[in-house]
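Next comes work-v2.cif, a file with mmCIF, C-alpha atoms; chains and numbers go by the auth columns.
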```
data_model
loop_
_atom_site.group_PDB
_atom_site.id
_atom_site.type_symbol
_atom_site.label_atom_id
_atom_site.label_comp_id
_atom_site.label_asym_id
_atom_site.label_seq_id
_atom_site.Cartn_x
_atom_site.Cartn_y
_atom_site.Cartn_z
_atom_site.B_iso_or_equiv
_atom_site.auth_seq_id
_atom_site.auth_asym_id
ATOM 1 C CA TRP A 1 64.024 -14.576 -64.181 0.00 1 I
ATOM 2 C CA LEU A 2 62.046 -11.456 -65.090 0.00 2 I
ATOM 3 C CA VAL A 3 64.301 -9.082 -63.134 0.00 3 I
ATOM 4 C CA GLY A 4 67.114 -9.221 -65.696 0.00 4 I
ATOM 5 C CA PRO A 5 64.989 -8.313 -68.744 0.00 5 I
ATOM 6 C CA LEU A 6 63.216 -5.561 -66.784 0.00 6 I
ATOM 7 C CA ARG A 7 66.471 -3.979 -65.648 0.00 7 I
ATOM 8 C CA THR A 8 67.813 -4.323 -69.187 0.00 8 I
ATOM 9 C CA GLY A 9 64.774 -2.452 -70.458 0.00 9 I
ATOM 10 C CA THR A 10 65.592 0.529 -68.244 0.00 10 I
ATOM 11 C CA HIS A 11 69.039 0.758 -69.876 0.00 11 I
ATOM 12 C CA LEU A 12 67.909 0.374 -73.485 0.00 12 I
ATOM 13 C CA PRO A 13 67.057 4.078 -74.007 0.00 13 I
ATOM 14 C CA SER A 14 70.581 5.119 -73.029 0.00 14 I
ATOM 15 C CA LEU A 15 71.942 2.468 -75.398 0.00 15 I
ATOM 16 C CA VAL A 16 69.860 3.788 -78.296 0.00 16 I
ATOM 17 C CA THR A 17 70.793 7.410 -77.626 0.00 17 I
ATOM 18 C CA ALA A 18 74.485 6.489 -77.359 0.00 18 I
ATOM 19 C CA LEU A 19 74.360 4.672 -80.698 0.00 19 I
ATOM 20 C CA LEU A 20 72.659 7.673 -82.301 0.00 20 I
ATOM 21 C CA GLY A 21 75.367 9.924 -80.888 0.00 21 I
ATOM 22 C CA GLU A 22 78.025 7.547 -82.196 0.00 22 I
ATOM 23 C CA SER A 23 76.510 7.635 -85.680 0.00 23 I
ATOM 24 C CA GLN A 24 76.542 11.442 -85.632 0.00 24 I
ATOM 25 C CA ASN A 25 80.079 11.845 -84.300 0.00 25 I
ATOM 26 C CA PRO A 26 82.088 8.587 -84.405 0.00 26 I
ATOM 27 C CA SER A 27 85.439 10.368 -84.153 0.00 27 I
ATOM 28 C CA GLY A 28 84.393 12.612 -81.286 0.00 28 I
ATOM 29 C CA SER A 29 85.454 15.741 -83.176 0.00 29 I
ATOM 30 C CA HIS A 30 83.728 15.705 -86.597 0.00 30 I
ATOM 31 C CA ILE A 31 79.912 15.856 -86.796 0.00 31 I
ATOM 32 C CA LEU A 32 78.390 13.979 -89.746 0.00 32 I
ATOM 33 C CA PHE A 33 74.874 15.460 -89.573 0.00 33 I
ATOM 34 C CA PRO A 34 73.288 18.428 -87.752 0.00 34 I
ATOM 35 C CA SER A 35 72.609 18.188 -84.044 0.00 35 I
ATOM 36 C CA SER A 36 69.031 19.323 -84.700 0.00 36 I
ATOM 37 C CA LEU A 37 68.311 15.959 -86.351 0.00 37 I
ATOM 38 C CA LEU A 38 69.839 14.124 -83.398 0.00 38 I
ATOM 39 C CA LEU A 39 67.726 16.105 -80.926 0.00 39 I
ATOM 40 C CA GLN A 40 64.615 15.398 -82.971 0.00 40 I
ATOM 41 C CA ALA A 41 65.371 11.679 -82.750 0.00 41 I
ATOM 42 C CA TYR A 42 65.844 11.988 -78.982 0.00 42 I
ATOM 43 C CA SER A 43 62.534 13.856 -78.745 0.00 43 I
ATOM 44 C CA ALA A 44 60.747 11.119 -80.683 0.00 44 I
ATOM 45 C CA ILE A 45 62.121 8.454 -78.325 0.00 45 I
ATOM 46 C CA THR A 46 61.077 10.491 -75.285 0.00 46 I
ATOM 47 C CA LEU A 47 57.596 11.086 -76.713 0.00 47 I
ATOM 48 C CA ALA A 48 57.140 7.395 -77.467 0.00 48 I
ATOM 49 C CA GLY A 49 58.104 6.515 -73.899 0.00 49 I
ATOM 50 C CA ALA A 50 55.766 9.131 -72.427 0.00 50 I
ATOM 51 C CA CYS A 51 52.844 7.949 -74.573 0.00 51 I
ATOM 52 C CA THR A 52 53.505 4.316 -73.633 0.00 52 I
ATOM 53 C CA TRP A 53 53.541 5.163 -69.936 0.00 53 I
ATOM 54 C CA ALA A 54 50.358 7.235 -70.268 0.00 54 I
ATOM 55 C CA VAL A 55 48.564 4.267 -71.867 0.00 55 I
ATOM 56 C CA ILE A 56 49.807 1.920 -69.115 0.00 56 I
ATOM 57 C CA VAL A 57 48.590 4.253 -66.363 0.00 57 I
ATOM 58 C CA HIS A 58 45.282 5.077 -68.066 0.00 58 I
ATOM 59 C CA TYR A 59 44.266 1.475 -68.706 0.00 59 I
ATOM 60 C CA GLY A 60 46.084 -0.047 -65.739 0.00 60 I
ATOM 61 C CA ILE A 61 47.982 -2.489 -67.924 0.00 61 I
ATOM 62 C CA GLY A 62 49.852 -4.934 -65.715 0.00 62 I
ATOM 63 C CA LEU A 63 48.855 -3.063 -62.537 0.00 63 I
ATOM 64 C CA ARG A 64 46.897 -4.637 -59.718 0.00 64 I
ATOM 65 C CA GLU A 65 43.781 -2.950 -58.395 0.00 65 I
ATOM 66 C CA PRO A 66 44.257 -2.075 -54.688 0.00 66 I
ATOM 67 C CA ALA A 67 40.530 -2.526 -54.016 0.00 67 I
ATOM 68 C CA ALA A 68 40.602 -6.037 -55.454 0.00 68 I
ATOM 69 C CA GLU A 69 43.269 -7.060 -52.963 0.00 69 I
ATOM 70 C CA ARG A 70 41.329 -5.886 -49.890 0.00 70 I
ATOM 71 C CA PRO A 71 38.070 -7.542 -48.797 0.00 71 I
ATOM 72 C CA GLU A 72 35.076 -5.239 -48.779 0.00 72 I
ATOM 73 C CA GLY A 73 34.668 -3.338 -45.505 0.00 73 I
ATOM 74 C CA GLN A 74 38.221 -3.964 -44.310 0.00 74 I
ATOM 75 C CA GLU A 75 40.002 -0.812 -43.164 0.00 75 I
ATOM 76 C CA ALA A 76 43.321 0.161 -44.709 0.00 76 I
ATOM 77 C CA LYS A 77 46.431 -0.464 -42.641 0.00 77 I
ATOM 78 C CA CYS A 78 49.665 1.506 -42.631 0.00 78 I
ATOM 79 C CA PRO A 79 52.341 -0.402 -44.582 0.00 79 I
ATOM 80 C CA GLU A 80 54.373 -2.762 -42.431 0.00 80 I
ATOM 81 C CA SER A 81 52.965 -1.226 -39.266 0.00 81 I
ATOM 82 C CA GLY A 82 49.742 -2.807 -37.915 0.00 82 I
ATOM 83 C CA MET A 83 48.317 0.657 -37.202 0.00 83 I
ATOM 84 C CA GLU A 84 45.078 1.743 -38.733 0.00 84 I
ATOM 85 C CA ALA A 85 45.486 4.608 -41.142 0.00 85 I
ATOM 86 C CA GLY A 86 45.440 7.871 -39.186 0.00 86 I
ATOM 87 C CA TYR A 87 45.557 6.259 -35.731 0.00 87 I
ATOM 88 C CA GLY A 88 48.250 5.269 -33.282 0.00 88 I
ATOM 89 C CA ALA A 89 49.089 1.799 -32.033 0.00 89 I
ATOM 90 C CA ASP A 90 46.439 2.069 -29.314 0.00 90 I
ATOM 91 C CA GLY A 91 43.702 2.871 -31.845 0.00 91 I
ATOM 92 C CA GLY A 92 42.961 6.245 -30.268 0.00 92 I
ATOM 93 C CA LYS A 93 45.650 8.889 -30.264 0.00 93 I
ATOM 94 C CA PRO A 94 47.184 10.077 -33.527 0.00 94 I
ATOM 95 C CA PRO A 95 50.638 8.572 -34.146 0.00 95 I
ATOM 96 C CA SER A 96 53.574 10.463 -32.744 0.00 96 I
ATOM 97 C CA ALA A 97 56.291 11.973 -34.905 0.00 97 I
ATOM 98 C CA LEU A 98 58.583 9.040 -34.049 0.00 98 I
ATOM 99 C CA GLN A 99 55.907 6.536 -35.069 0.00 99 I
ATOM 100 C CA ARG A 100 55.320 8.328 -38.366 0.00 100 I
ATOM 101 C CA LEU A 101 59.066 8.421 -39.023 0.00 101 I
ATOM 102 C CA SER A 102 59.396 4.730 -38.236 0.00 102 I
ATOM 103 C CA ALA A 103 56.494 3.869 -40.558 0.00 103 I
ATOM 104 C CA SER A 104 57.963 5.945 -43.373 0.00 104 I
ATOM 105 C CA LEU A 105 61.276 4.078 -43.095 0.00 105 I
ATOM 106 C CA ASP A 106 59.714 0.603 -43.127 0.00 106 I
ATOM 107 C CA GLY A 107 60.286 0.356 -46.863 0.00 107 I
ATOM 108 C CA PHE A 108 64.061 0.522 -46.329 0.00 108 I
ATOM 109 C CA ALA A 109 64.121 -2.427 -43.927 0.00 109 I
ATOM 110 C CA CYS A 110 65.839 -5.628 -45.069 0.00 110 I
ATOM 111 C CA PRO A 111 67.224 -8.777 -43.425 0.00 111 I
ATOM 112 C CA ARG A 112 70.857 -8.554 -42.340 0.00 112 I
ATOM 113 C CA ALA A 113 71.722 -11.407 -44.676 0.00 113 I
ATOM 114 C CA LEU A 114 70.738 -9.211 -47.644 0.00 114 I
ATOM 115 C CA LEU A 115 72.379 -6.005 -46.429 0.00 115 I
ATOM 116 C CA TRP A 116 75.628 -6.863 -48.253 0.00 116 I
ATOM 117 C CA PHE A 117 73.823 -7.055 -51.595 0.00 117 I
ATOM 118 C CA VAL A 118 71.945 -3.814 -50.972 0.00 118 I
ATOM 119 C CA VAL A 119 75.161 -1.950 -50.155 0.00 119 I
ATOM 120 C CA VAL A 120 77.119 -3.401 -53.083 0.00 120 I
ATOM 121 C CA GLY A 121 74.260 -2.730 -55.496 0.00 121 I
ATOM 122 C CA ALA A 122 74.098 0.890 -54.369 0.00 122 I
ATOM 123 C CA VAL A 123 77.875 1.376 -54.560 0.00 123 I
ATOM 124 C CA VAL A 124 78.303 -0.091 -58.049 0.00 124 I
ATOM 125 C CA ASP A 125 75.370 1.934 -59.361 0.00 125 I
ATOM 126 C CA VAL A 126 76.801 5.164 -57.916 0.00 126 I
ATOM 127 C CA LEU A 127 80.224 4.380 -59.387 0.00 127 I
ATOM 128 C CA GLN A 128 78.685 3.755 -62.804 0.00 128 I
ATOM 129 C CA GLY A 129 76.174 6.590 -62.999 0.00 129 I
ATOM 130 C CA GLY A 130 77.592 9.118 -60.557 0.00 130 I
ATOM 131 C CA VAL A 131 81.367 8.835 -60.995 0.00 131 I
ATOM 132 C CA VAL A 132 82.459 7.171 -64.237 0.00 132 I
ATOM 133 C CA VAL A 133 79.839 8.715 -66.525 0.00 133 I
ATOM 134 C CA VAL A 134 80.374 12.159 -64.971 0.00 134 I
ATOM 135 C CA ALA A 135 84.181 12.098 -64.978 0.00 135 I
ATOM 136 C CA GLY A 136 84.651 9.869 -68.015 0.00 136 I
ATOM 137 C CA ASP A 137 84.966 12.596 -70.662 0.00 137 I
ATOM 138 C CA VAL A 138 87.585 14.466 -68.654 0.00 138 I
ATOM 139 C CA GLY A 139 89.570 11.286 -68.051 0.00 139 I
ATOM 140 C CA ALA A 140 89.398 10.359 -71.734 0.00 140 I
ATOM 141 C CA GLU A 141 90.795 13.711 -72.811 0.00 141 I
ATOM 142 C CA MET A 142 93.612 13.305 -70.277 0.00 142 I
ATOM 143 C CA THR A 143 94.751 10.224 -72.248 0.00 143 I
ATOM 144 C CA ASP A 144 95.646 12.400 -75.233 0.00 144 I
ATOM 145 C CA PRO A 145 99.393 13.186 -75.314 0.00 145 I
ATOM 146 C CA VAL A 146 98.704 16.505 -77.071 0.00 146 I
ATOM 147 C CA GLY A 147 96.373 17.759 -74.360 0.00 147 I
ATOM 148 C CA CYS A 148 92.700 18.193 -73.534 0.00 148 I
ATOM 149 C CA GLY A 149 90.478 18.924 -76.524 0.00 149 I
ATOM 150 C CA ALA A 150 92.691 17.121 -79.055 0.00 150 I
ATOM 151 C CA ASP A 151 91.281 14.636 -81.555 0.00 151 I
ATOM 152 C CA ARG A 152 92.652 11.461 -79.976 0.00 152 I
ATOM 153 C CA GLY A 153 91.221 12.228 -76.560 0.00 153 I
ATOM 154 C CA LEU A 154 87.837 13.059 -78.066 0.00 154 I
ATOM 155 C CA TRP A 155 87.834 9.730 -79.900 0.00 155 I
ATOM 156 C CA VAL A 156 88.646 7.876 -76.670 0.00 156 I
ATOM 157 C CA ALA A 157 85.786 9.728 -74.938 0.00 157 I
ATOM 158 C CA ARG A 158 83.270 8.843 -77.642 0.00 158 I
ATOM 159 C CA THR A 159 84.381 5.218 -77.965 0.00 159 I
ATOM 160 C CA SER A 160 84.513 4.536 -74.232 0.00 160 I
ATOM 161 C CA PHE A 161 81.088 6.074 -73.633 0.00 161 I
ATOM 162 C CA THR A 162 79.466 4.093 -76.448 0.00 162 I
ATOM 163 C CA ALA A 163 81.110 0.854 -75.272 0.00 163 I
ATOM 164 C CA ASN A 164 79.842 1.513 -71.750 0.00 164 I
ATOM 165 C CA ARG A 165 76.280 2.022 -72.945 0.00 165 I
ATOM 166 C CA ILE A 166 76.362 -1.119 -75.102 0.00 166 I
ATOM 167 C CA VAL A 167 77.553 -3.486 -72.376 0.00 167 I
ATOM 168 C CA LEU A 168 75.445 -1.946 -69.566 0.00 168 I
ATOM 169 C CA PRO A 169 72.142 -3.608 -70.604 0.00 169 I
ATOM 170 C CA LEU A 170 73.984 -6.770 -71.646 0.00 170 I
ATOM 171 C CA GLY A 171 75.393 -7.059 -68.130 0.00 171 I
ATOM 172 C CA GLY A 172 71.904 -6.847 -66.664 0.00 172 I
ATOM 173 C CA LEU A 173 70.632 -9.524 -69.049 0.00 173 I
ATOM 174 C CA ALA A 174 73.606 -11.773 -68.251 0.00 174 I
ATOM 175 C CA SER A 175 72.430 -12.027 -64.636 0.00 175 I
ATOM 176 C CA THR A 176 69.506 -14.113 -65.856 0.00 176 I
ATOM 177 C CA LEU A 177 71.600 -16.351 -68.093 0.00 177 I
ATOM 178 C CA LEU A 178 74.655 -16.621 -65.812 0.00 178 I
ATOM 179 C CA PRO A 179 73.769 -16.072 -62.125 0.00 179 I
ATOM 180 C CA CYS A 180 76.738 -16.181 -59.760 0.00 180 I
ATOM 181 C CA SER A 181 77.501 -17.316 -56.223 0.00 181 I
ATOM 182 C CA ARG A 182 78.000 -14.908 -53.333 0.00 182 I
ATOM 183 C CA ARG A 183 81.775 -15.342 -53.467 0.00 183 I
ATOM 184 C CA VAL A 184 81.902 -14.538 -57.184 0.00 184 I
ATOM 185 C CA PHE A 185 79.532 -11.617 -56.571 0.00 185 I
ATOM 186 C CA GLY A 186 82.001 -10.108 -54.116 0.00 186 I
ATOM 187 C CA ALA A 187 84.969 -10.676 -56.456 0.00 187 I
ATOM 188 C CA LEU A 188 83.176 -9.000 -59.362 0.00 188 I
ATOM 189 C CA ALA A 189 82.326 -6.053 -57.114 0.00 189 I
ATOM 190 C CA VAL A 190 86.024 -5.586 -56.359 0.00 190 I
ATOM 191 C CA VAL A 191 86.863 -5.691 -60.083 0.00 191 I
ATOM 192 C CA GLN A 192 84.188 -3.087 -60.832 0.00 192 I
ATOM 193 C CA ILE A 193 85.447 -0.786 -58.093 0.00 193 I
ATOM 194 C CA VAL A 194 89.055 -1.121 -59.321 0.00 194 I
ATOM 195 C CA SER A 195 87.925 -0.288 -62.878 0.00 195 I
ATOM 196 C CA ALA A 196 86.082 2.800 -61.676 0.00 196 I
ATOM 197 C CA VAL A 197 89.092 3.918 -59.627 0.00 197 I
ATOM 198 C CA ALA A 198 91.289 3.516 -62.717 0.00 198 I
ATOM 199 C CA VAL A 199 88.993 5.802 -64.738 0.00 199 I
ATOM 200 C CA LEU A 200 88.970 8.318 -61.888 0.00 200 I
ATOM 201 C CA SER A 201 92.772 8.219 -61.615 0.00 201 I
ATOM 202 C CA ALA A 202 93.083 9.165 -65.288 0.00 202 I
ATOM 203 C CA CYS A 203 90.671 12.041 -64.685 0.00 203 I
ATOM 204 C CA LEU A 204 92.816 13.292 -61.793 0.00 204 I
ATOM 205 C CA GLY A 205 96.003 13.080 -63.862 0.00 205 I
ATOM 206 C CA PHE A 206 97.635 10.157 -62.044 0.00 206 I
ATOM 207 C CA PHE A 207 100.033 8.081 -64.184 0.00 207 I
ATOM 208 C CA ARG A 208 99.326 10.346 -67.150 0.00 208 I
ATOM 209 C CA GLY A 209 102.438 9.175 -68.977 0.00 209 I
ATOM 210 C CA ALA A 210 101.064 5.637 -69.037 0.00 210 I
ATOM 211 C CA TRP A 211 97.525 6.669 -69.980 0.00 211 I
ATOM 212 C CA THR A 212 98.708 8.635 -73.050 0.00 212 I
ATOM 213 C CA THR A 213 100.181 5.552 -74.720 0.00 213 I
ATOM 214 C CA GLY A 214 98.145 3.426 -77.130 0.00 214 I
ATOM 215 C CA GLU A 215 97.947 0.639 -74.555 0.00 215 I
ATOM 216 C CA GLY A 216 96.875 3.117 -71.887 0.00 216 I
ATOM 217 C CA GLN A 217 94.069 4.459 -74.068 0.00 217 I
ATOM 218 C CA ALA A 218 92.877 0.915 -74.805 0.00 218 I
ATOM 219 C CA LEU A 219 92.997 0.134 -71.078 0.00 219 I
ATOM 220 C CA TYR A 220 90.966 3.269 -70.341 0.00 220 I
ATOM 221 C CA ILE A 221 88.247 2.232 -72.811 0.00 221 I
ATOM 222 C CA ALA A 222 88.233 -1.285 -71.344 0.00 222 I
ATOM 223 C CA CYS A 223 87.944 -0.008 -67.750 0.00 223 I
ATOM 224 C CA TYR A 224 85.143 2.370 -68.722 0.00 224 I
ATOM 225 C CA ALA A 225 83.251 -0.441 -70.453 0.00 225 I
ATOM 226 C CA LEU A 226 83.947 -2.945 -67.673 0.00 226 I
ATOM 227 C CA THR A 227 82.533 -0.556 -65.077 0.00 227 I
ATOM 228 C CA GLY A 228 79.279 -0.432 -67.031 0.00 228 I
ATOM 229 C CA ALA A 229 79.083 -4.171 -67.716 0.00 229 I
ATOM 230 C CA LEU A 230 79.723 -5.180 -64.109 0.00 230 I
ATOM 231 C CA GLY A 231 77.559 -2.330 -62.838 0.00 231 I
ATOM 232 C CA GLY A 232 74.583 -3.646 -64.801 0.00 232 I
ATOM 233 C CA TYR A 233 75.299 -7.236 -63.819 0.00 233 I
ATOM 234 C CA LEU A 234 75.875 -6.654 -60.106 0.00 234 I
ATOM 235 C CA LEU A 235 72.943 -4.275 -59.668 0.00 235 I
ATOM 236 C CA THR A 236 70.575 -6.766 -61.297 0.00 236 I
ATOM 237 C CA MET A 237 72.043 -9.624 -59.254 0.00 237 I
ATOM 238 C CA SER A 238 71.386 -7.520 -56.122 0.00 238 I
ATOM 239 C CA TYR A 239 67.704 -7.420 -57.079 0.00 239 I
ATOM 240 C CA ARG A 240 67.703 -11.157 -57.742 0.00 240 I
#
```
Please, can you express the file's structure as structure tokens?
Amino acid sequence: WLVGPLRTGTHLPSLVTALLGESQNPSGSHILFPSSLLLQAYSAITLAGACTWAVIVHYGIGLREPAAERPEGQEAKCPESGMEAGYGADGGKPPSALQRLSASLDGFACPRALLWFVVVGAVVDVLQGGVVVVAGDVGAEMTDPVGCGADRGLWVARTSFTANRIVLPLGGLASTLLPCSRRVFGALAVVQIVSAVAVLSACLGFFRGAWTTGEGQALYIACYALTGALGGYLLTMSYR
């Protein structure tokens, strides 16, 4: 049950910064207070996070002591390998390059039954953070009938981004409250991919006549937000 809240915590900073940006520029084209104040707020959040992490590392809060886990006098072993640190499988010769490569990749190993969840989790996270967030502003401005840089497109960009950042941590938290079956997991992955493709199609100028209508702009905001909500949910469910 702890996975959901932990994943939600990683998304909270982006939620806070998005809300601060929304308060500064809700229309997307008219700034209500200087950007210097906004950057100072961002700096304070970053400093608080850095100080918190420094305290955790310094005092070892919540971290296990490696020495306490290993009986006294026992030699360290290479992770997932059975080889003594610095020695090959025969206990004499140093490990070969192939053995070192194999040992370094042990952390990526997973049962075949879980491979589907690993792949889907990676895909939905890339679509959310590497495609939609990157191309979202361009796609939003393409929904403006006047053209890129006009007020309506800027409003769609601001609104869709803020909605995405609000529902992203909520999706991660929902995995704890509403876990799903494997079949539903696959169906939600398809919906998330379709939503991301819709945002990308607007960015590339496909069906621009439909996107520039009021309904098209609302659909764009919904697809942008849905990509974030399902991205947070499916990624956290992959961990679970």
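From CA of Leu235 in chain I back to CA of Gly121 in chain I, the distance works out to 4.6 Å.
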Residues within 10 Å of (75.7, -8.6, -54.4), file coordinates, counting only C-alpha atoms: what are they? Give the list as an MDAnalysis selection string. chainID I and resid 114:122 124 180:189 233:240
What would the file look like if the residues just selected were written as a CSV table (one decimal), in the coordinates of the input with C-alpha atoms?
```
chain,number,residue,atom,x,y,z
I,114,LEU,CA,70.7,-9.2,-47.6
I,115,LEU,CA,72.4,-6.0,-46.4
I,116,TRP,CA,75.6,-6.9,-48.3
I,117,PHE,CA,73.8,-7.1,-51.6
I,118,VAL,CA,71.9,-3.8,-51.0
I,119,VAL,CA,75.2,-2.0,-50.2
I,120,VAL,CA,77.1,-3.4,-53.1
I,121,GLY,CA,74.3,-2.7,-55.5
I,122,ALA,CA,74.1,0.9,-54.4
I,124,VAL,CA,78.3,-0.1,-58.0
I,180,CYS,CA,76.7,-16.2,-59.8
I,181,SER,CA,77.5,-17.3,-56.2
I,182,ARG,CA,78.0,-14.9,-53.3
I,183,ARG,CA,81.8,-15.3,-53.5
I,184,VAL,CA,81.9,-14.5,-57.2
I,185,PHE,CA,79.5,-11.6,-56.6
I,186,GLY,CA,82.0,-10.1,-54.1
I,187,ALA,CA,85.0,-10.7,-56.5
I,188,LEU,CA,83.2,-9.0,-59.4
I,189,ALA,CA,82.3,-6.1,-57.1
I,233,TYR,CA,75.3,-7.2,-63.8
I,234,LEU,CA,75.9,-6.7,-60.1
I,235,LEU,CA,72.9,-4.3,-59.7
I,236,THR,CA,70.6,-6.8,-61.3
I,237,MET,CA,72.0,-9.6,-59.3
I,238,SER,CA,71.4,-7.5,-56.1
I,239,TYR,CA,67.7,-7.4,-57.1
I,240,ARG,CA,67.7,-11.2,-57.7
```
Give me the residues near range 155-172 of chain I as an MDAnalysis selection string, where near means some atom within 6 Å (using all atoms listed in the file) and where sequence neighbours in that chain fewer than 6 positions away do not count. chainID I and resid 4 8 11 15 18 27:28 137 140 221 224:225 228:229 232:233 236
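Between CA of Met142 in chain I and CA of Gln128 in chain I the separation is 19.2 Å.
In terms of minimum interatomic distance to Leu226 in chain I, I:Ser195 ranks closest within I:Leu178, I:Val138, I:Ser195, I:Pro34, counting all atoms listed in the file.
Comparing I:Leu12, I:Ala135, I:Ile31, I:Cys148 by their smallest distance to Thr212 in chain I, the closest is I:Cys148 (using all atoms listed in the file).
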Evaluate the PyMOL selection byres ((chain I and resi 202) around 9) and record the selected residues as a PyMOL selection string, following the chain and residue labels used in the document. chain I and resi 136+138-140+142-143+197-201+203-208+211+220
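One distance worth recording is that between CA of Ala150 in chain I and CA of Gln40 in chain I, which is 28.4 Å.
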If the box runs along x, y and z of the file and leaves 8 Å on each side of range 166-174 of chain I, what are its centre and edge lengths in Å, one decimal, as JSON?
```
{"center_x": 74.1, "center_y": -6.4, "center_z": -70.9, "size_x": 22.9, "size_y": 26.7, "size_z": 24.4}
```
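Nearest to Val16 in chain I of all the residues I:Ala41, I:Ser29, I:Arg152, I:Ser36 is I:Ala41, counting all atoms listed in the file.
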